[in-house]
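All remarks here apply to the structure that follows.
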Amino acid sequence: MSQPPSTPPCRDPLDDALDALLSGDTSPQQLALLNDTLRCDPEARRTYIRALAFEAMLAREFAPLEEAPVAVPTRRRRWLALAAIAATLVLAATLAWRVGPGPPPGAATDVLEADPEITHAVITSLDEASGRFGAVALSQGLRLGEGMVELDSGLAEITFDSGAEVTLEGPARLQLDSDNMANLAAGRASAHVPEPARGFVIHTPSSYIRDLGTAFAVDVRDDRETDLHVLEGEVEVSATSRSTVNPPQILRQREAVRLSAGRMIPISFRADHPGARPPPRENFRFHRPD
Amino acid sequence: MSRKSLTETEFVVLITRYQAAIYAYILTIHPDRVAAQDILQETNLVLCRKVGDFEPGTSFKAWAFRVAYWQTMAHLKRVQRAGLVALDPEVLELVALEAEEQLVDFEERHLALRSCLQKLPAGDASILLAHYQRGESLAEISGRLGRTRDALKQVLLRIRRTLRACIDRQLAEAART
């Protein structure tokens, strides 16, 4: 990728010092260099500000909306919660903007009526399901924020605000991270990902799976092993473990792998996945008619 | 607008729109991701408390930055008293002044980043996720991935460069159309 265009003599040590600053291990020498260079060189200040602003974007993209209103007086608490809701609305609007004209960001007329929780998904159907989200029993229409869905038994269909639909088969535990990302800690799930939600991520103790459209099934067998079946379209997957990582690989329809200890082993394709029987919704189809 | 103060809805819309920019502004003055998050919280509270001081029609972003500046400076004083390293106050004043001007296109760049992240390979995304979301240190991640810390630093550097180049490209494309 392209280097910063101009290269004054101090650029390289400054870049190093900036990197050290971003990774949180600046040496006293680097700090002195930063102080000197930033004081004297406006171009260095611009570089610094650009780097930090970019860092801020990344930090917020990957840990969005964590402003939990803790220990705030009631009235202010409400304000903050409202701000958080509005933020999710803006995010939703952003996602909509990606696929087509949606409501303008800041269409906040509903904000004041909304439940003061940041939510990412909703339970769209339950089939003989028993389980909870935090302390709340699962029920159809329940909005889910960041947190763990613990499904003891049965099937639960969860629709993320991105549009991705996940069918969970109990016993399973699914941690919701954002509108388009979840961590399957245990159990089986399948995901149906419509075009607007392309890029939907499920990570497990041994894998990181990113949907490239449109359906896949994940079975977290234990902390070390995850099975992945691509039901439709394509999926990008990397095997992760505490000691290794595989470069991501693209899997296609009717391909299946077992991810274990950072390795990816092909396995035979199976069709019996959560939600495959019975389909919870008319449009919830996993198999392309042959 | 001739009204004397914002409605609650207007305030929520504005404070929400600029959350990321305020965070970025704080981070340039106090380059510590976790502390910057705390300062953002404090800043939000002050903005709530002092919403009556804001004059509709003037720049909300500039007002929020001013509040964030004082909150950050107060925090830095505590950090410096505790003997923790930080950049010189005079340097930070310069940075704060210029950051406000430079963060003018922040929202646009932020949107571009979102679409760039969609194109990022899963392996790279998982590293960013570990670092930024789970707060794992470079040492932890490199240990887990079986790479040296320096190698991981290079990977992160490459990811940052790729994303920043992608953002620049997107903005250039947007400017053309």
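All residue names refer to the structure tokens as shown: chains lettered A, B, ... in order, residues numbered from 1 in each chain, ligands numbered from 1 in order.
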What are the closest atom pairs, with distances in Å to one decimal, for all residues of chain B lying within 8 Å of chain A? Consider only C-alpha atoms, order rows by chain and residue number, and present the result as CSV.
residue,atom,partner,partner_atom,distance
B:Thr9,CA,A:Ala108,CA,6.9
B:Val12,CA,A:Ala83,CA,5.0
B:Val13,CA,A:Gly106,CA,5.6
B:Ile15,CA,A:Ala83,CA,6.8
B:Thr16,CA,A:Ala87,CA,5.3
B:Arg17,CA,A:Ala87,CA,7.3
B:Ala20,CA,A:Arg60,CA,6.8
B:Tyr23,CA,A:Ala56,CA,6.6
B:Ala24,CA,A:Ala56,CA,4.8
B:Tyr25,CA,A:Ala53,CA,7.2
B:Leu27,CA,A:Leu52,CA,6.5
B:Thr28,CA,A:Leu52,CA,5.4
B:Pro31,CA,A:Leu21,CA,7.2
B:Asp32,CA,A:Gly24,CA,7.6
B:Arg33,CA,A:Ala59,CA,7.4
B:Gln37,CA,A:Glu67,CA,7.9
B:Gln41,CA,A:Glu67,CA,6.9
B:Asn44,CA,A:Leu80,CA,7.6
B:Leu45,CA,A:Arg76,CA,7.0
B:Cys48,CA,A:Arg76,CA,6.9
B:Arg49,CA,A:Arg76,CA,8.0
B:Ala86,CA,A:Leu31,CA,7.8
B:Leu87,CA,A:Asn35,CA,6.0
B:Asp88,CA,A:Asn35,CA,6.3
B:Glu90,CA,A:Arg39,CA,7.8
B:Val91,CA,A:Arg39,CA,5.4
B:Leu94,CA,A:Arg39,CA,7.7
B:Val95,CA,A:Arg45,CA,6.5
B:Glu98,CA,A:Arg46,CA,7.9
B:Ala99,CA,A:Ile49,CA,6.1
B:Gln102,CA,A:Ile49,CA,7.6
B:Leu103,CA,A:Ala53,CA,7.7
B:Phe106,CA,A:Ala53,CA,7.8
B:His110,CA,A:Met57,CA,6.1
B:Leu111,CA,A:Thr94,CA,7.9
B:Leu113,CA,A:Met57,CA,7.7
B:Arg114,CA,A:Glu61,CA,7.6
B:Gln118,CA,A:Gly199,CA,6.1
B:Pro121,CA,A:Pro248,CA,6.9
B:Ala122,CA,A:Pro248,CA,6.0
B:Gly123,CA,A:Pro248,CA,5.6
B:Ser126,CA,A:Tyr208,CA,6.7
B:Leu128,CA,A:Phe62,CA,7.5
B:Leu129,CA,A:Phe62,CA,6.2
B:Tyr132,CA,A:Ala59,CA,5.5
B:Gln133,CA,A:Ala63,CA,4.9
B:Leu138,CA,A:Ser23,CA,7.4
B:Gly143,CA,A:Ser243,CA,6.6
B:Arg144,CA,A:Arg242,CA,4.1
B:Leu145,CA,A:Thr244,CA,4.3
B:Gly146,CA,A:Ser243,CA,5.0
B:Leu157,CA,A:Asp19,CA,7.9
B:Arg161,CA,A:Met1,CA,6.5
B:Thr162,CA,A:Met1,CA,6.1
B:Arg164,CA,A:Phe54,CA,7.7
B:Ala165,CA,A:Met1,CA,6.7
_Please identify the helix (DSSP H, G or I) residues within chain B (assignment by DSSP from backbone atoms) and present them as a count of residues only._
141
Counting only C-alpha atoms, closest pick from B:Val46, B:Leu6, B:Ile26, B:Ile159 relative to Leu120 in chain B is B:Ile159
Find the residues near range 125-134 of chain A: any atom within 6 Å, counting only C-alpha atoms, skip ones fewer than 5 places away on the same chain, and give them as a VMD selection string. chain A and resid 140 148 to 157
Between A:Gly163, A:Pro194, A:Pro171, A:Pro266, smallest distance to Arg254 in chain A by only C-alpha atoms belongs to A:Pro266
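Excluding Cys166 in chain B itself and same-chain residues fewer than 2 positions from it, the residues having an atom within 10 Å of it are Met1 of chain A; Ala112, Leu113, Ser115, Cys116, Leu117, Lys119, Arg160, Arg161, Thr162, Leu163, Arg164, Asp168, Arg169, Gln170, Leu171 and Ala172 of chain B, counting only C-alpha atoms.
Counting only C-alpha atoms, the residue from B:Leu92, B:Lys61, B:Gly52, B:Tyr18 that sits nearest to His30 in chain B is B:Leu92.
The coordinates place CA of Ala182 in chain A at 17.8 Å from CA of Arg224 in chain A.
Going from CA of Ile123 in chain A over to CA of Ala189 in chain A, you cover 14.1 Å.
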Here CA of Gly145 in chain A and CA of Leu176 in chain A stand apart by 7.0 Å
